[in-house]
file model-v7.cif (mmCIF, C-alpha atoms)
data_entry
#
loop_
_atom_site.label_atom_id
_atom_site.label_comp_id
_atom_site.auth_asym_id
_atom_site.auth_seq_id
_atom_site.Cartn_x
_atom_site.Cartn_y
_atom_site.Cartn_z
CA MET I 743 10.69 -28.77 22.40
CA ALA I 744 10.00 -26.14 25.04
CA ARG I 745 6.45 -26.15 26.41
CA ARG I 746 4.44 -22.95 26.32
CA PRO I 747 3.50 -21.70 29.81
CA THR I 748 -0.19 -21.94 30.67
CA ILE I 749 -2.56 -20.24 33.08
CA LYS I 750 -2.18 -23.30 35.31
CA ASP I 751 1.60 -22.73 35.47
CA ILE I 752 1.09 -19.09 36.40
CA ALA I 753 -1.45 -19.98 39.07
CA ARG I 754 0.87 -22.58 40.62
CA GLN I 755 3.87 -20.24 40.76
CA ALA I 756 1.86 -17.24 41.97
CA GLY I 757 0.03 -19.32 44.59
CA VAL I 758 -3.47 -18.39 43.38
CA SER I 759 -6.37 -20.05 41.63
CA GLU I 760 -6.62 -20.30 37.85
CA SER I 761 -9.74 -18.11 37.91
CA ALA I 762 -7.75 -15.39 39.70
CA VAL I 763 -5.12 -15.57 36.94
CA SER I 764 -7.84 -15.25 34.28
CA PHE I 765 -9.34 -12.23 36.06
CA ALA I 766 -5.96 -10.53 36.37
CA LEU I 767 -4.76 -11.12 32.82
CA ASN I 768 -8.08 -10.05 31.29
CA ASN I 769 -8.40 -6.88 33.38
CA ARG I 770 -11.52 -8.09 35.14
CA PRO I 771 -12.56 -7.34 38.72
CA GLY I 772 -12.27 -10.04 41.36
CA VAL I 773 -8.65 -9.79 42.51
CA SER I 774 -6.78 -7.17 44.52
CA GLN I 775 -4.27 -4.80 42.92
CA ASP I 776 -1.38 -6.53 44.70
CA THR I 777 -2.49 -9.96 43.49
CA ARG I 778 -3.05 -8.64 39.98
CA ALA I 779 0.47 -7.17 39.91
CA ARG I 780 2.00 -10.42 41.24
CA ILE I 781 0.18 -12.53 38.64
CA ARG I 782 1.29 -10.27 35.80
CA ARG I 783 4.87 -10.32 37.04
CA VAL I 784 4.88 -14.13 37.13
CA ALA I 785 3.29 -14.27 33.65
CA GLU I 786 6.02 -12.03 32.28
CA GLU I 787 8.77 -14.09 33.95
CA LEU I 788 7.37 -17.26 32.42
CA GLY I 789 7.05 -15.67 28.98
CA TRP I 790 3.30 -16.25 28.82
CA GLN I 791 1.38 -14.82 25.83
CA PRO I 792 -2.40 -14.93 25.27
CA ASN I 793 -3.72 -17.54 22.85
CA SER I 794 -5.01 -15.50 19.90
CA ALA I 795 -7.35 -18.26 18.74
CA ALA I 796 -8.91 -18.56 22.20
CA ARG I 797 -9.26 -14.79 22.42
CA ALA I 798 -11.00 -14.70 19.05
CA LEU I 799 -13.43 -17.44 20.09
CA SER I 800 -14.28 -15.48 23.23
CA GLY I 801 -15.08 -12.40 21.14
CA GLU I 802 -11.85 -10.55 21.89
CA GLN I 803 -9.52 -9.13 19.27
CA SER I 804 -7.03 -11.45 17.58
CA GLY I 805 -4.09 -9.07 17.91
CA ALA I 806 -3.34 -9.21 14.16
CA VAL I 807 -4.14 -7.24 11.01
CA GLY I 808 -3.94 -8.48 7.44
CA LEU I 809 -2.44 -7.36 4.14
CA VAL I 810 -3.17 -9.24 0.91
CA LEU I 811 -1.30 -8.42 -2.28
CA ALA I 812 -2.82 -9.47 -5.61
CA ARG I 813 0.11 -8.87 -7.92
CA PRO I 814 2.18 -11.10 -10.22
CA ALA I 815 4.79 -12.63 -7.93
CA HIS I 816 7.62 -11.95 -10.38
CA THR I 817 7.06 -8.20 -10.09
CA LEU I 818 7.54 -8.04 -6.32
CA GLY I 819 11.13 -9.13 -5.83
CA VAL I 820 12.67 -6.06 -7.46
CA GLU I 821 10.14 -3.33 -6.64
CA SER I 822 11.08 -1.33 -3.55
CA PHE I 823 7.71 0.40 -3.05
CA PHE I 824 5.99 -2.45 -1.22
CA LEU I 825 9.01 -3.23 0.93
CA GLN I 826 9.06 0.36 2.15
CA LEU I 827 5.29 0.44 2.58
CA VAL I 828 5.30 -2.76 4.66
CA SER I 829 8.21 -1.51 6.76
CA GLY I 830 6.18 1.58 7.67
CA ILE I 831 3.11 -0.49 8.50
CA GLN I 832 5.16 -2.90 10.59
CA GLU I 833 6.84 -0.07 12.49
CA VAL I 834 3.50 1.11 13.85
CA LEU I 835 2.10 -2.37 14.48
CA ALA I 836 5.20 -3.57 16.29
CA ALA I 837 4.97 -0.67 18.73
CA GLY I 838 1.49 -1.91 19.64
CA ARG I 839 2.56 -5.59 19.70
CA ILE I 840 0.20 -6.33 16.82
CA ALA I 841 1.09 -8.97 14.23
CA LEU I 842 0.94 -8.43 10.46
CA LEU I 843 -0.50 -11.34 8.51
CA PHE I 844 0.74 -11.02 4.90
CA GLN I 845 -0.30 -13.07 1.88
CA VAL I 846 0.36 -12.84 -1.87
CA VAL I 847 -2.36 -14.15 -4.19
CA GLU I 848 -2.82 -14.40 -7.95
CA ASP I 849 -5.86 -12.18 -8.49
CA LEU I 850 -8.65 -10.15 -6.94
CA ASP I 851 -11.01 -13.12 -6.57
CA ALA I 852 -8.38 -14.93 -4.53
CA GLU I 853 -7.87 -11.82 -2.40
CA CYS I 854 -11.59 -11.63 -1.61
CA ALA I 855 -11.55 -15.33 -0.72
CA VAL I 856 -8.76 -14.66 1.78
CA TYR I 857 -10.80 -11.92 3.43
CA ARG I 858 -13.77 -14.27 3.78
CA ARG I 859 -11.58 -16.98 5.28
CA TRP I 860 -9.84 -14.61 7.68
CA TRP I 861 -13.20 -13.28 8.83
CA ALA I 862 -14.67 -16.79 9.29
CA GLU I 863 -11.60 -17.92 11.25
CA ARG I 864 -11.35 -14.59 13.15
CA ARG I 865 -7.71 -14.41 12.17
CA VAL I 866 -7.47 -10.62 11.87
CA ASP I 867 -9.13 -7.59 13.43
CA GLY I 868 -8.80 -5.46 10.29
CA VAL I 869 -6.99 -5.19 6.98
CA VAL I 870 -4.89 -2.78 4.94
CA VAL I 871 -6.12 -2.78 1.33
CA VAL I 872 -3.70 -1.80 -1.45
CA ASP I 873 -4.01 -1.25 -5.21
CA PRO I 874 -7.55 0.20 -5.38
CA ARG I 875 -9.32 -0.73 -8.61
CA THR I 876 -11.49 1.41 -10.85
CA ASP I 877 -14.25 -1.20 -10.40
CA ASP I 878 -13.40 -2.61 -6.99
CA PRO I 879 -15.52 -5.28 -5.24
CA ARG I 880 -13.48 -5.21 -2.02
CA PRO I 881 -15.07 -2.23 -0.19
CA ALA I 882 -18.55 -3.76 -0.52
CA LEU I 883 -17.28 -7.13 0.68
CA LEU I 884 -15.46 -5.64 3.66
CA GLU I 885 -18.55 -3.64 4.58
CA GLN I 886 -20.62 -6.82 4.45
CA LEU I 887 -18.12 -8.62 6.65
CA ALA I 888 -17.94 -5.59 8.98
CA LEU I 889 -14.17 -5.95 8.79
CA PRO I 890 -12.41 -2.62 9.51
CA ALA I 891 -10.11 -1.57 6.68
CA VAL I 892 -7.91 1.21 5.38
CA THR I 893 -7.48 1.61 1.64
CA VAL I 894 -4.01 2.78 0.58
CA GLY I 895 -3.73 4.92 -2.54
CA GLU I 896 -7.37 5.90 -2.82
CA THR I 897 -8.22 9.26 -4.34
CA GLY I 898 -11.86 9.64 -3.53
CA PRO I 899 -13.16 10.12 0.02
CA ALA I 900 -13.29 7.24 2.44
CA SER I 901 -16.30 4.98 2.21
CA ALA I 902 -18.79 6.85 4.31
CA SER I 903 -20.72 5.38 7.19
CA PRO I 904 -23.02 7.29 9.50
CA GLY I 905 -20.82 9.69 11.40
CA SER I 906 -17.92 9.30 8.99
CA GLU I 907 -15.33 12.07 8.80
CA SER I 908 -14.88 11.63 5.04
CA ASP I 909 -15.36 14.67 2.83
CA SER I 910 -18.37 13.22 1.03
CA GLU I 911 -20.14 9.94 0.50
CA SER I 912 -19.02 7.63 -2.31
CA ASP I 913 -21.15 5.12 -4.14
CA SER I 914 -20.22 1.46 -3.69
CA ALA I 915 -21.22 -1.67 -5.51
CA SER I 916 -23.76 -3.98 -3.96
CA PRO I 917 -22.24 -6.64 -1.70
CA ASP I 918 -21.05 -9.91 -3.19
CA SER I 919 -23.93 -12.36 -2.91
CA ALA I 920 -21.49 -15.22 -2.25
CA ALA I 921 -20.05 -13.53 0.84
CA PRO I 922 -21.06 -14.70 4.32
CA ALA I 923 -23.48 -12.61 6.31
CA ALA I 924 -22.02 -9.79 8.36
CA PRO I 925 -21.21 -10.71 11.96
CA SER I 926 -23.02 -7.66 13.33
CA ALA I 927 -25.35 -4.90 12.30
CA ALA I 928 -22.78 -2.21 13.05
CA PRO I 929 -21.67 -0.11 10.05
CA ALA I 930 -18.34 -1.09 8.57
CA ALA I 931 -15.31 1.04 9.38
CA LEU I 932 -13.55 1.86 6.10
CA SER I 933 -10.99 4.65 5.95
CA ALA I 934 -8.71 5.78 3.12
CA VAL I 935 -5.19 7.13 2.82
CA ARG I 936 -4.92 9.10 -0.39
CA ALA I 937 -2.10 10.10 -2.72
CA ASP I 938 -2.07 13.23 -4.88
CA ASP I 939 -1.05 11.69 -8.20
CA ALA I 940 -2.38 14.69 -10.12
CA GLY I 941 -0.11 17.05 -8.22
CA ALA I 942 2.84 14.73 -8.73
CA MET I 943 2.22 14.46 -12.48
CA ALA I 944 1.99 18.24 -12.72
CA GLN I 945 5.51 18.51 -11.28
CA VAL I 946 6.86 15.99 -13.80
CA LEU I 947 5.21 17.64 -16.81
CA ASP I 948 6.23 21.14 -15.70
CA HIS I 949 9.85 19.96 -15.40
CA LEU I 950 9.94 18.29 -18.82
CA HIS I 951 8.02 21.08 -20.54
CA GLY I 952 10.36 23.64 -19.01
CA LEU I 953 13.32 21.78 -20.53
CA GLY I 954 11.65 21.99 -23.96
CA HIS I 955 10.13 18.51 -24.33
CA ARG I 956 6.96 18.28 -26.41
CA ARG I 957 6.85 14.54 -27.20
CA ILE I 958 6.43 12.68 -23.90
CA ALA I 959 5.54 9.04 -23.25
CA HIS I 960 4.31 7.50 -20.00
CA VAL I 961 5.11 3.83 -19.31
CA ALA I 962 2.36 3.13 -16.77
CA GLY I 963 1.57 0.25 -14.44
CA MET I 964 -1.19 -2.31 -14.53
CA PRO I 965 -4.48 -1.42 -16.25
CA GLY I 966 -7.50 -1.42 -13.99
CA LEU I 967 -5.63 -0.06 -10.98
CA ALA I 968 -7.10 3.22 -9.81
CA HIS I 969 -3.74 4.96 -9.55
CA THR I 970 -2.78 3.82 -13.08
CA GLU I 971 -5.94 5.35 -14.52
CA ARG I 972 -5.43 8.43 -12.35
CA ARG I 973 -1.92 9.02 -13.64
CA ILE I 974 -2.98 8.50 -17.26
CA THR I 975 -5.83 10.97 -16.80
CA SER I 976 -3.51 13.44 -15.06
CA LEU I 977 -0.97 13.21 -17.88
CA ARG I 978 -3.65 14.15 -20.43
CA ALA I 979 -4.95 16.99 -18.26
CA GLU I 980 -1.46 18.43 -17.72
CA ALA I 981 -0.70 18.15 -21.44
CA ARG I 982 -3.82 20.19 -22.21
CA ARG I 983 -2.90 22.76 -19.58
CA LEU I 984 0.52 23.21 -21.13
CA GLY I 985 -0.85 23.35 -24.69
CA LEU I 986 0.87 20.15 -25.82
CA ASP I 987 -0.35 18.14 -28.79
CA PRO I 988 -2.42 15.29 -27.29
CA GLY I 989 -1.19 13.00 -30.05
CA GLN I 990 2.40 13.52 -28.86
CA VAL I 991 1.72 12.77 -25.18
CA ARG I 992 0.42 9.27 -24.42
CA SER I 993 0.56 6.33 -22.01
CA VAL I 994 1.09 2.57 -22.37
CA THR I 995 0.29 0.06 -19.61
CA THR I 996 2.50 -2.76 -18.31
CA ASP I 997 2.67 -5.20 -15.39
CA TYR I 998 5.35 -3.09 -13.62
CA SER I 999 8.10 -5.61 -14.45
CA ASP I 1000 11.48 -4.74 -15.95
CA ALA I 1001 10.71 -7.07 -18.89
CA GLU I 1002 7.50 -5.29 -19.89
CA GLY I 1003 9.05 -1.91 -19.16
CA ALA I 1004 11.90 -2.72 -21.52
CA GLU I 1005 9.56 -4.05 -24.22
CA ALA I 1006 7.34 -0.97 -24.01
CA THR I 1007 10.43 1.24 -24.34
CA ARG I 1008 11.57 -0.60 -27.50
CA ARG I 1009 8.16 -0.17 -29.11
CA ILE I 1010 7.98 3.50 -28.23
CA LEU I 1011 11.48 4.34 -29.43
CA ALA I 1012 10.85 2.51 -32.72
CA GLU I 1013 8.00 4.84 -33.65
CA PRO I 1014 8.44 7.30 -36.56
CA GLU I 1015 8.36 10.21 -34.12
CA PRO I 1016 9.64 8.76 -30.85
CA PRO I 1017 9.31 10.71 -27.61
CA THR I 1018 12.19 12.77 -26.29
CA ALA I 1019 11.18 12.00 -22.69
CA ILE I 1020 9.67 8.96 -20.97
CA VAL I 1021 8.06 8.86 -17.52
CA TYR I 1022 8.06 5.40 -15.87
CA ASP I 1023 5.66 4.36 -13.12
CA ASN I 1024 8.39 2.73 -11.04
CA ASP I 1025 12.14 2.67 -10.63
CA VAL I 1026 12.67 -0.82 -12.07
CA MET I 1027 11.05 0.00 -15.40
CA ALA I 1028 12.97 3.29 -15.58
CA VAL I 1029 16.31 1.50 -15.20
CA ALA I 1030 15.23 -1.06 -17.80
CA GLY I 1031 14.32 1.82 -20.13
CA VAL I 1032 17.76 3.38 -19.74
CA ALA I 1033 19.33 0.02 -20.63
CA VAL I 1034 17.18 -0.28 -23.77
CA ALA I 1035 18.10 3.24 -24.87
CA SER I 1036 21.76 2.38 -24.42
CA GLU I 1037 21.34 -0.76 -26.55
CA LEU I 1038 19.76 1.34 -29.29
CA GLY I 1039 22.55 3.91 -29.17
CA ILE I 1040 20.33 6.64 -27.71
CA PRO I 1041 22.18 8.56 -24.99
CA VAL I 1042 20.42 9.48 -21.73
CA PRO I 1043 19.83 12.37 -21.32
CA GLY I 1044 21.31 13.69 -24.61
CA GLY I 1045 18.84 11.80 -26.79
CA LEU I 1046 16.20 10.76 -24.26
CA SER I 1047 15.20 12.10 -20.85
CA VAL I 1048 13.98 9.61 -18.23
CA VAL I 1049 11.90 10.18 -15.08
CA ALA I 1050 11.05 7.54 -12.45
CA TRP I 1051 7.80 7.91 -10.50
CA ASP I 1052 9.23 6.47 -7.28
CA ASP I 1053 12.71 7.26 -6.04
CA SER I 1054 14.89 4.48 -4.64
CA ALA I 1055 18.51 3.49 -4.13
CA LEU I 1056 18.34 2.01 -7.64
CA CYS I 1057 17.60 5.46 -9.08
CA ARG I 1058 20.51 6.98 -7.20
CA VAL I 1059 23.15 4.39 -8.14
CA THR I 1060 22.18 4.07 -11.84
CA ARG I 1061 24.33 6.09 -14.21
CA PRO I 1062 23.14 8.59 -15.10
CA ARG I 1063 21.31 9.05 -11.81
CA LEU I 1064 17.57 9.15 -12.44
CA THR I 1065 15.34 12.15 -11.96
CA ALA I 1066 12.60 10.86 -9.66
CA LEU I 1067 9.63 11.71 -7.47
CA VAL I 1068 10.76 11.50 -3.87
CA ARG I 1069 8.18 10.58 -1.26
CA ASP I 1070 8.15 9.02 2.18
CA THR I 1071 6.73 5.61 1.26
CA ALA I 1072 7.40 4.20 4.72
CA GLY I 1073 5.53 7.21 6.10
CA PHE I 1074 2.64 6.31 3.78
CA GLY I 1075 2.60 2.87 5.43
CA ARG I 1076 2.80 4.35 8.92
CA LEU I 1077 -0.16 6.60 8.17
CA ALA I 1078 -2.22 3.64 6.94
CA ALA I 1079 -1.39 1.58 10.04
CA GLU I 1080 -2.20 4.48 12.35
CA GLU I 1081 -5.57 4.93 10.68
CA LEU I 1082 -6.36 1.24 11.00
CA LEU I 1083 -5.45 1.19 14.69
CA ALA I 1084 -7.63 4.26 15.19
CA LEU I 1085 -10.57 2.37 13.65
CA LEU I 1086 -9.91 -0.66 15.86
CA ALA I 1087 -9.92 1.63 18.88
CA GLY I 1088 -13.39 2.84 17.96
CA GLY I 1089 -12.48 5.90 15.89
CA ARG I 1090 -14.67 7.14 13.06
CA PRO I 1091 -13.80 6.40 9.41
CA ARG I 1092 -12.04 9.22 7.63
CA SER I 1093 -9.92 10.03 4.59
CA ARG I 1094 -6.40 11.41 4.90
CA GLU I 1095 -3.93 12.52 2.27
CA SER I 1096 -0.22 11.74 2.33
CA GLU I 1097 2.32 14.44 1.66
CA LEU I 1098 2.85 15.47 -1.96
CA PRO I 1099 5.92 13.85 -3.56
CA ARG I 1100 8.78 16.15 -4.52
CA LEU I 1101 10.45 15.91 -7.92
CA GLU I 1102 14.22 15.74 -7.64
CA PRO I 1103 15.93 16.54 -10.96
CA ARG I 1104 19.12 14.53 -11.57
CA GLU I 1105 21.31 13.66 -14.53
CA SER I 1106 18.72 11.68 -16.54
CA THR I 1107 16.77 14.76 -17.70
CA ALA I 1108 18.01 17.55 -19.98
CA PRO I 1109 16.74 19.60 -22.95
CA PRO I 1110 15.77 17.52 -26.01
CA PRO I 1111 18.21 17.10 -28.92
CA ALA I 1112 18.87 20.25 -30.96
CA ALA I 1113 17.38 18.61 -34.06
CA TYR I 1114 14.07 18.31 -32.26
#

call {"tool": "encode", "arguments": {"input": "model-v7.cif", "output": "structure tokens"}}
result
Amino acid sequence: MARRPTIKDIARQAGVSESAVSFALNNRPGVSQDTRARIRRVAEELGWQPNSAARALSGEQSGAVGLVLARPAHTLGVESFFLQLVSGIQEVLAAGRIALLFQVVEDLDAECAVYRRWWAERRVDGVVVVDPRTDDPRPALLEQLALPAVTVGETGPASASPGSESDSESDSASPDSAAPAAPSAAPAALSAVRADDAGAMAQVLDHLHGLGHRRIAHVAGMPGLAHTERRITSLRAEARRLGLDPGQVRSVTTDYSDAEGAEATRRILAEPEPPTAIVYDNDVMAVAGVAVASELGIPVPGGLSVVAWDDSALCRVTRPRLTALVRDTAGFGRLAAEELLALLAGGRPRSRESELPRLEPRESTAPPPAAY
């Protein structure tokens, strides 16, 4: 097994002391510019990299950020959203030679435990937090740990600290009493990257209403997630705006999987007055819904219109091609990573909004059946 080069190896090859190597590689005074350049050239030739654990123990940054996903594992393999989000995050981090530490856990308690462990071990300099909850303990915990973070998918303003650039302050729960004490008295740096789900839902409802649909169902994601509740609330608000019967426009929650999406579709279509259009919170459930409609002999879009919240290759290769909300999910990830790096560089917390998704009508939506 190849041995990792050490400071001693660099010192020997550069013909200097080990302390001179330490000064040069840590940008400290004590060596001339020529010596500093020679040491760095030798370090690069040898393939030397700083020891992140040693840097953390000395109080320096670890060179890594974390992302924990508390979702059922079986829902991740087929959903493209997180793959695109992570690719955007990684694109920004890679340019700065920063590692992404990724972990999947079973629930929110396990996610909080990971944050405590990462903080205690100084494994990460900050975290990207996904799937905000309606009653979310994570912001309070991260504030207590003084661990910089960016929340992805938040709708309210960023958690405000003194000097924050967020639009307004938001209330947060009291810190978890089981969490370790904060490592410093400095205010936590918590920013947010927001999504306009209300604006997106307005596009969907306007499209379906314009086609003549009055009975519309929404197969939503996991209950308790902030964006799930936001979309359900937006659906009701848009239905009122358009003068639709609130009893004919409703939502059901699922775990985002194709199995639960299919089961929800069967239940909905078996109702005495089934909807003529269904909006699905991801592409996988939308494709599963089309398959169920086909099994039941209901043509799409002749008997049922289908809309997918997130566009993907799956939406474009399914027949009929699915009407979907198109957004730059990788760009969403890039924005989150940029905000986190700005915090780590000493920037002030702030809240930013991603671009509004654009509805792209395709073959899966059409006017409802004539008998309707």

call {"tool": "residues_around", "arguments": {"input": "model-v7.cif", "residues": "Leu835 in chain I", "least_positions_apart": "3", "cutoff": "12 Å", "atoms": "only C-alpha atoms", "output": "number ranges by chain"}}
result
I: 805-808, 828-832, 838-843, 870, 1075-1084

call {"tool": "closest_residue", "arguments": {"input": "model-v7.cif", "among": "I:Ala1019, I:Ala1004, I:Val869, I:Val1059", "to": "Leu1038 in chain I", "atoms": "all atoms listed in the file"}}
result
I:Ala1004

call {"tool": "axis_aligned_box", "arguments": {"input": "model-v7.cif", "around": "range 995-1011 of chain I", "padding_each_side": "3 Å", "output": "lines of an AutoDock Vina configuration file"}}
result
center_x = 6.1
center_y = -1.4
center_z = -21.5
size_x = 17.6
size_y = 17.4
size_z = 21.8

call {"tool": "resolve_selection", "arguments": {"input": "model-v7.cif", "expression": "the PyMOL selection byres ((chain I and resi 884) around 10)", "output": "PyMOL selection string"}}
result
chain I and resi 854+857-858+861+868-869+879-883+885-891+917-918+921+924+930-932

call {"tool": "resolve_selection", "arguments": {"input": "model-v7.cif", "expression": "the PyMOL selection byres ((chain I and resi 1107-1113) around 6)", "output": "ChimeraX atom specification"}}
result
/I:953-955,1018,1043,1045,1047-1048,1105-1106,1114

call {"tool": "atom_distance", "arguments": {"input": "model-v7.cif", "atom1": "CA of Ile781 in chain I", "atom2": "CA of Asp751 in chain I"}}
result
10.8 Å

call {"tool": "closest_residue", "arguments": {"input": "model-v7.cif", "among": "I:Ala942, I:Val935, I:Leu986, I:Val994", "to": "Glu1095 in chain I", "atoms": "all atoms listed in the file"}}
result
I:Val935

call {"tool": "closest_residue", "arguments": {"input": "model-v7.cif", "among": "I:Ala968, I:Ala1028, I:Leu809, I:Leu950", "to": "Gly895 in chain I", "atoms": "all atoms listed in the file"}}
result
I:Ala968

call {"tool": "atom_distance", "arguments": {"input": "model-v7.cif", "atom1": "CA of Ala962 in chain I", "atom2": "CA of Ile974 in chain I"}}
result
7.6 Å

call {"tool": "residues_around", "arguments": {"input": "model-v7.cif", "residues": "Val784 in chain I", "least_positions_apart": "4", "cutoff": "7 Å", "atoms": "all atoms listed in the file", "output": "PyMOL selection string"}}
result
chain I and resi 752+756+780+788

call {"tool": "write_last_selection", "arguments": {"input": "model-v7.cif", "atoms": "C-alpha atoms", "output": "PDB file, keeping the file's coordinate frame"}}
result
ATOM      1  CA  ILE I 752       1.090 -19.090  36.400  1.00  0.00           C
ATOM      2  CA  ALA I 756       1.860 -17.240  41.970  1.00  0.00           C
ATOM      3  CA  ARG I 780       2.000 -10.420  41.240  1.00  0.00           C
ATOM      4  CA  LEU I 788       7.370 -17.260  32.420  1.00  0.00           C
TER       5      LEU I 788
END

call {"tool": "closest_residue", "arguments": {"input": "model-v7.cif", "among": "I:Val961, I:Gly757, I:Arg982, I:Val1042", "to": "Arg1008 in chain I", "atoms": "all atoms listed in the file"}}
result
I:Val961

call {"tool": "atom_distance", "arguments": {"input": "model-v7.cif", "atom1": "CA of Glu1005 in chain I", "atom2": "CA of Leu1064 in chain I"}}
result
19.4 Å

call {"tool": "closest_residue", "arguments": {"input": "model-v7.cif", "among": "I:Val856, I:Val872, I:Ala959, I:Leu967", "to": "Pro988 in chain I", "atoms": "only C-alpha atoms"}}
result
I:Ala959

call {"tool": "closest_residue", "arguments": {"input": "model-v7.cif", "among": "I:Thr748, I:Gln826, I:Thr970, I:Ser759", "to": "Phe1074 in chain I", "atoms": "all atoms listed in the file"}}
result
I:Gln826

call {"tool": "residues_around", "arguments": {"input": "model-v7.cif", "residues": "Met1027 in chain I", "least_positions_apart": "3", "cutoff": "9 Å", "atoms": "only C-alpha atoms", "output": "ChimeraX atom specification"}}
result
/I:961,998-1004,1022-1024,1030-1032,1050

call {"tool": "resolve_selection", "arguments": {"input": "model-v7.cif", "expression": "the PyMOL selection byres ((chain I and resi 947) around 12)", "output": "VMD selection string"}}
result
chain I and resid 940 to 946 948 to 960 973 976 to 986 991 1019 to 1021 1048 to 1049 1051 1067 1101 1107

call {"tool": "residues_around", "arguments": {"input": "model-v7.cif", "residues": "Val846 in chain I", "least_positions_apart": "5", "cutoff": "9 Å", "atoms": "all atoms listed in the file", "output": "ChimeraX atom specification"}}
result
/I:809-815,853

call {"tool": "write_last_selection", "arguments": {"input": "model-v7.cif", "atoms": "C-alpha atoms", "output": "PDB file, in the frame of the given file"}}
result
ATOM      1  CA  LEU I 809      -2.440  -7.360   4.140  1.00  0.00           C
ATOM      2  CA  VAL I 810      -3.170  -9.240   0.910  1.00  0.00           C
ATOM      3  CA  LEU I 811      -1.300  -8.420  -2.280  1.00  0.00           C
ATOM      4  CA  ALA I 812      -2.820  -9.470  -5.610  1.00  0.00           C
ATOM      5  CA  ARG I 813       0.110  -8.870  -7.920  1.00  0.00           C
ATOM      6  CA  PRO I 814       2.180 -11.100 -10.220  1.00  0.00           C
ATOM      7  CA  ALA I 815       4.790 -12.630  -7.930  1.00  0.00           C
ATOM      8  CA  GLU I 853      -7.870 -11.820  -2.400  1.00  0.00           C
TER       9      GLU I 853
END

call {"tool": "decode", "arguments": {"input": "model-v7.cif", "residues": "range 1076-1087 of chain I", "atoms": "N, CA, C and O atoms", "output": "PDB file, in the first residue's frame"}}
result
ATOM      1  N   ARG I1076     -26.936  24.248  -6.363  1.00  0.00           N
ATOM      2  CA  ARG I1076     -25.798  25.173  -6.461  1.00  0.00           C
ATOM      3  C   ARG I1076     -26.015  26.404  -5.582  1.00  0.00           C
ATOM      4  O   ARG I1076     -25.089  26.875  -4.909  1.00  0.00           O
ATOM      5  N   LEU I1077     -27.242  26.911  -5.608  1.00  0.00           N
ATOM      6  CA  LEU I1077     -27.560  28.085  -4.797  1.00  0.00           C
ATOM      7  C   LEU I1077     -27.372  27.782  -3.311  1.00  0.00           C
ATOM      8  O   LEU I1077     -26.812  28.594  -2.564  1.00  0.00           O
ATOM      9  N   ALA I1078     -27.822  26.613  -2.864  1.00  0.00           N
ATOM     10  CA  ALA I1078     -27.668  26.231  -1.458  1.00  0.00           C
ATOM     11  C   ALA I1078     -26.198  26.134  -1.078  1.00  0.00           C
ATOM     12  O   ALA I1078     -25.779  26.615  -0.012  1.00  0.00           O
ATOM     13  N   ALA I1079     -25.392  25.501  -1.949  1.00  0.00           N
ATOM     14  CA  ALA I1079     -23.961  25.350  -1.655  1.00  0.00           C
ATOM     15  C   ALA I1079     -23.263  26.702  -1.627  1.00  0.00           C
ATOM     16  O   ALA I1079     -22.403  26.963  -0.775  1.00  0.00           O
ATOM     17  N   GLU I1080     -23.628  27.578  -2.554  1.00  0.00           N
ATOM     18  CA  GLU I1080     -23.024  28.914  -2.579  1.00  0.00           C
ATOM     19  C   GLU I1080     -23.341  29.683  -1.302  1.00  0.00           C
ATOM     20  O   GLU I1080     -22.475  30.375  -0.748  1.00  0.00           O
ATOM     21  N   GLU I1081     -24.582  29.549  -0.825  1.00  0.00           N
ATOM     22  CA  GLU I1081     -24.956  30.239   0.401  1.00  0.00           C
ATOM     23  C   GLU I1081     -24.202  29.687   1.606  1.00  0.00           C
ATOM     24  O   GLU I1081     -23.800  30.432   2.498  1.00  0.00           O
ATOM     25  N   LEU I1082     -24.001  28.369   1.635  1.00  0.00           N
ATOM     26  CA  LEU I1082     -23.269  27.784   2.746  1.00  0.00           C
ATOM     27  C   LEU I1082     -21.810  28.231   2.731  1.00  0.00           C
ATOM     28  O   LEU I1082     -21.242  28.576   3.773  1.00  0.00           O
ATOM     29  N   LEU I1083     -21.200  28.241   1.564  1.00  0.00           N
ATOM     30  CA  LEU I1083     -19.806  28.690   1.473  1.00  0.00           C
ATOM     31  C   LEU I1083     -19.685  30.158   1.868  1.00  0.00           C
ATOM     32  O   LEU I1083     -18.684  30.567   2.468  1.00  0.00           O
ATOM     33  N   ALA I1084     -20.701  30.956   1.522  1.00  0.00           N
ATOM     34  CA  ALA I1084     -20.679  32.358   1.922  1.00  0.00           C
ATOM     35  C   ALA I1084     -20.719  32.491   3.445  1.00  0.00           C
ATOM     36  O   ALA I1084     -20.018  33.331   4.029  1.00  0.00           O
ATOM     37  N   LEU I1085     -21.517  31.655   4.111  1.00  0.00           N
ATOM     38  CA  LEU I1085     -21.554  31.658   5.572  1.00  0.00           C
ATOM     39  C   LEU I1085     -20.204  31.271   6.150  1.00  0.00           C
ATOM     40  O   LEU I1085     -19.715  31.890   7.102  1.00  0.00           O
ATOM     41  N   LEU I1086     -19.589  30.235   5.581  1.00  0.00           N
ATOM     42  CA  LEU I1086     -18.303  29.754   6.092  1.00  0.00           C
ATOM     43  C   LEU I1086     -17.204  30.783   5.890  1.00  0.00           C
ATOM     44  O   LEU I1086     -16.201  30.776   6.601  1.00  0.00           O
ATOM     45  N   ALA I1087     -17.394  31.652   4.900  1.00  0.00           N
ATOM     46  CA  ALA I1087     -16.410  32.707   4.650  1.00  0.00           C
ATOM     47  C   ALA I1087     -16.672  33.943   5.501  1.00  0.00           C
ATOM     48  O   ALA I1087     -15.979  34.956   5.356  1.00  0.00           O
TER      49      ALA I1087
END
